[in-house]
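Engineer: Before anything else, here's the structure in question.
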Amino acid sequence: MRRFHKIALTLCFSLVIFFSSNILVNAVANCDDISCNKDDDGTYLRCIEEKTSCWVEKIEEAQSSAITLKSTINILNGQINVLQLQIDQSLSEITSLEKEIIELTDRIEGLNYSLDKLTSVLVERVAEQYKRTYTNPILVFFSKTRFATKLSEFKYLKLAGQQTVDAMERAESQKITYDEQKLLKKQKQEELESKRIQLEGQKSQLAGKRAAEQNLLTETKNNEAIFQQKLAEAKAEFQAIQAIIAGRGQETEVGHVNEGDKIATVIQGQSCNSSGTHVHLIISDFGVVKNPFNYLKSGIDYQNCSGSSCGSSDGDSFNPSGSWDWPISATVQLWQGYGSTWATRNTWVSRIYSSHNGIDIRSLGSSTVTTMQSGTLYQGSFTGSGSCRLRYVRVAHDDSEISSFYLHINY
């Protein structure tokens with residue numbers, strides 16, 4: 001019987017835990033249900049961290065689900081919420097640091113005043129002690145009254161001397177504390193400046209995420225069919241480019257070309273695997289893609305359109321550092337950089353690829369494409385799973401294993 005009661009109690013206890021856990025899970029199923037009180041300094045940052053973790057889990061859930069417009073929007077919304085929480089956390093930390101700096105400033109001023117007073121007292125004590133100790137010893141010896149007085153003064157001076165030593169030790173301790181507080185204030189000011197820079201970066205990222213979400217809704221008209229079509233086009237382009245780099249394109253050798261020779265023209269508007277006018281430039285060293293900016297000359301006039309908008313500060317780096325001439329004329333527009341780009345971090349293309357294998361560029365002045373270095377010219381194309389035939393040209397550069405590919409062009 002006792003055993004039955006024990007089993008029953010255990011079962012009841014388990015059920016309580018089970019239902020309590022479910023209630024807790026359901027209570028935070030929506031991360032917005034976690035409410036953080038800014039007035040409570042002790043728990044506010046902890047609450048923000050809990051809420052951030054909740055949204056990170058939501059993002060991971062959306063990323064593991066099927067690639068749909070809804071799941072993509074959910075990812076963007078989650079990233080926006082995480083960034084907003086990071087901004088709230090930075091603002092709270094900045095406010096806390098500002099308070100600490102004000103308190104340190106008041107403390108330093110108090111220490112400085114105390115140190116000044118202590119120093120002036122010490123100066124007076126030393127001067128007085130010097131006056132009292134400077135007496136002719138012969139006169140003191142022959143004068144009984146003066147001798148008794150001096151004996152009393154000697155005791156006083158001994159006590160005063162000890163007090164002076166104590167005051168000097170206090171002054172030294174105050175000075176050390178003063179220097180420590182000044183150093184701490186400097187460190188807090190540097191930390192505050194770092195937090196402010198971090199905050200500006202977070203605000204820029206937040207603006208980028210919101211722009212990316214709005215662009216996606218505008219482009220797709222919030223229509224799942226349109227999104228799936230764009231997704232299919234992006235997948236097809238990525239697969240075609242990978243195949244071309246791997247040497248699976250159909251190519252015809254044209255002949256030797258010199259630096260600056262015309263090799264193609266940019267297709268205007270939408271074309272196979274391209275939603276708009278641009279050249280997808282790839283540099284390959286024996287099949288391994290390289291950053292084209294490491295080969296291209298600096299100093300060219302350009303516009304950076306790789307971020308949330310043309311000219312925004314959140315776009316990809318435009319940092320050419322090589323010696324090769326550009327394949328298109330200035331003014332050059334950069335639409336996507338190399339590697340981890342603004343698009344792969346902020347838009348739905350991250351669900352297709354995480355690293356961009358070339359750069360997307362466009363000339364505002366001409367549609368002509370020229371070779372950057374001399375070599376052998378090949379005209380090629382690749383037809384993927386659809387009926388679309390992606391044209392490209394390749395230059396196998398002289399005396400090296402390097403090839404440059406130019407996509408979305410006519411020849």
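Convention: chains lettered A, B, ... in structure tokens order; per-chain residue numbering from 1; ligands numbered from 1 as shown.
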What's the 8 Å shell around segment 40-56 of chain A, counting only C-alpha atoms, without same-chain residues fewer than 2 positions away, as a ChimeraX atom specification?

Structural biologist: /A:31-32,34-38,58-60,78-79,81-82,85-86,89,92

Engineer: Convert the current residue selection to file output with C-alpha atoms, as a compact mmCIF listing (two decimals), in the first residue's frame.

Structural biologist:
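To be explicit, this is the file written out as result-v2.txt:
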```
# COMPACT_ATOMS: atom_id res chain seq x y z
CA CYS A 31 9.70 35.96 -27.54
CA ASP A 32 7.83 39.27 -27.28
CA ILE A 34 9.37 38.20 -22.30
CA SER A 35 9.06 41.65 -20.76
CA CYS A 36 12.21 43.47 -19.57
CA ASN A 37 11.95 46.32 -17.06
CA LYS A 38 14.50 49.06 -17.83
CA LYS A 58 13.50 31.21 -33.48
CA ILE A 59 15.99 32.14 -36.24
CA GLU A 60 17.55 28.66 -36.11
CA GLY A 78 14.30 37.46 -35.85
CA GLN A 79 17.57 39.12 -36.89
CA ASN A 81 14.71 41.74 -33.10
CA VAL A 82 18.13 40.44 -32.03
CA LEU A 85 17.93 43.93 -28.30
CA GLN A 86 21.66 44.38 -28.82
CA GLN A 89 21.78 46.42 -24.27
CA SER A 92 21.89 50.42 -21.12
```

Engineer: Can you build me a table of segment 307-379 of chain A residues sitting at most 10 Å from segment 407-410 of chain A, with the closest atom pair per residue and its distance in Å to one decimal, using only C-alpha atoms, sorted by chain and residue number, as a Markdown table?

Structural biologist:
```
| residue | atom | partner | partner_atom | distance |
| --- | --- | --- | --- | --- |
| A:Asp360 | CA | A:Leu407 | CA | 9.4 |
| A:Ser367 | CA | A:Ile409 | CA | 9.2 |
| A:Thr368 | CA | A:Ile409 | CA | 9.5 |
| A:Val369 | CA | A:Ile409 | CA | 8.4 |
| A:Gln379 | CA | A:Asn410 | CA | 9.5 |
```

Engineer: Could those selected residues go to a file with C-alpha atoms, as a PDB file, in the first residue's frame?

Structural biologist:
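Below is the file part-v1.pdb, written as the result:
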```pdb
ATOM      1  CA  ASP A 360      29.232  42.067 -59.553  1.00  0.00           C
ATOM      2  CA  SER A 367      28.817  48.279 -72.151  1.00  0.00           C
ATOM      3  CA  THR A 368      32.252  47.241 -73.475  1.00  0.00           C
ATOM      4  CA  VAL A 369      34.232  44.555 -71.636  1.00  0.00           C
ATOM      5  CA  GLN A 379      33.929  31.996 -75.627  1.00  0.00           C
TER       6      GLN A 379
END
```

Engineer: What's the 8 Å shell around Tyr295 of chain A, counting only C-alpha atoms, without same-chain residues fewer than 4 positions away, as a PyMOL selection string?

Structural biologist: chain A and resi 291+320-324

Engineer: Let me see the file: selected residues, C-alpha atoms, as a PDB file, in the first residue's frame.

Structural biologist:
```pdb
ATOM      1  CA  ASN A 291      39.295  38.016 -54.608  1.00  0.00           C
ATOM      2  CA  PRO A 320      41.255  47.231 -55.073  1.00  0.00           C
ATOM      3  CA  SER A 321      44.987  46.846 -54.438  1.00  0.00           C
ATOM      4  CA  GLY A 322      46.451  45.161 -57.535  1.00  0.00           C
ATOM      5  CA  SER A 323      48.013  46.241 -60.841  1.00  0.00           C
ATOM      6  CA  TRP A 324      45.465  45.029 -63.435  1.00  0.00           C
TER       7      TRP A 324
END
```

Engineer: So that I can see what lies close to segment 67-77 of chain A, please list as a count of residues only the residues with an atom at most 10 Å from it, counting only C-alpha atoms and leaving out residues fewer than 4 positions away in the same chain.

Structural biologist: 34

Engineer: Could you please determine the separation between atom CA of Tyr392 of chain A and atom CA of Tyr406 of chain A in Å, to one decimal place?

Structural biologist: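 Separating atom CA of Tyr392 of chain A from atom CA of Tyr406 of chain A is a distance of 5.5 Å.
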
Engineer: Just to confirm, what's the straight-line distance from atom CA of Ile87 of chain A to atom CA of Ile197 of chain A in Å (one decimal)?

Structural biologist: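 Rounded to one decimal, the two atoms are 11.5 Å apart.
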
Engineer: Would you mind listing what lies within 8 Å of segment 250-263 of chain A as a PyMOL selection string, with only C-alpha atoms counted and same-chain residues fewer than 6 positions away left out?

Structural biologist: chain A and resi 325+327+368-382+393+411

Engineer: Do you know which residues are at most 7 Å from Pro292 of chain A counting only C-alpha atoms, after dropping those on the same chain fewer than 5 positions away, and could you put them as a VMD selection string?

Structural biologist: chain A and resid 282 to 283 358

Engineer: For N, CA and C atoms, I'd like the residues from the last selection saved as a PDB file, in the first residue's frame.

Structural biologist:
```
ATOM      1  N   ILE A 282      34.993  36.815 -62.153  1.00  0.00           N
ATOM      2  CA  ILE A 282      35.607  35.787 -61.311  1.00  0.00           C
ATOM      3  C   ILE A 282      37.078  35.656 -61.678  1.00  0.00           C
ATOM      4  N   ILE A 283      37.928  35.544 -60.678  1.00  0.00           N
ATOM      5  CA  ILE A 283      39.342  35.217 -60.877  1.00  0.00           C
ATOM      6  C   ILE A 283      39.569  33.833 -60.299  1.00  0.00           C
ATOM      7  N   GLY A 358      32.781  35.944 -56.705  1.00  0.00           N
ATOM      8  CA  GLY A 358      33.355  36.966 -57.584  1.00  0.00           C
ATOM      9  C   GLY A 358      32.871  38.327 -57.151  1.00  0.00           C
TER      10      GLY A 358
END
```
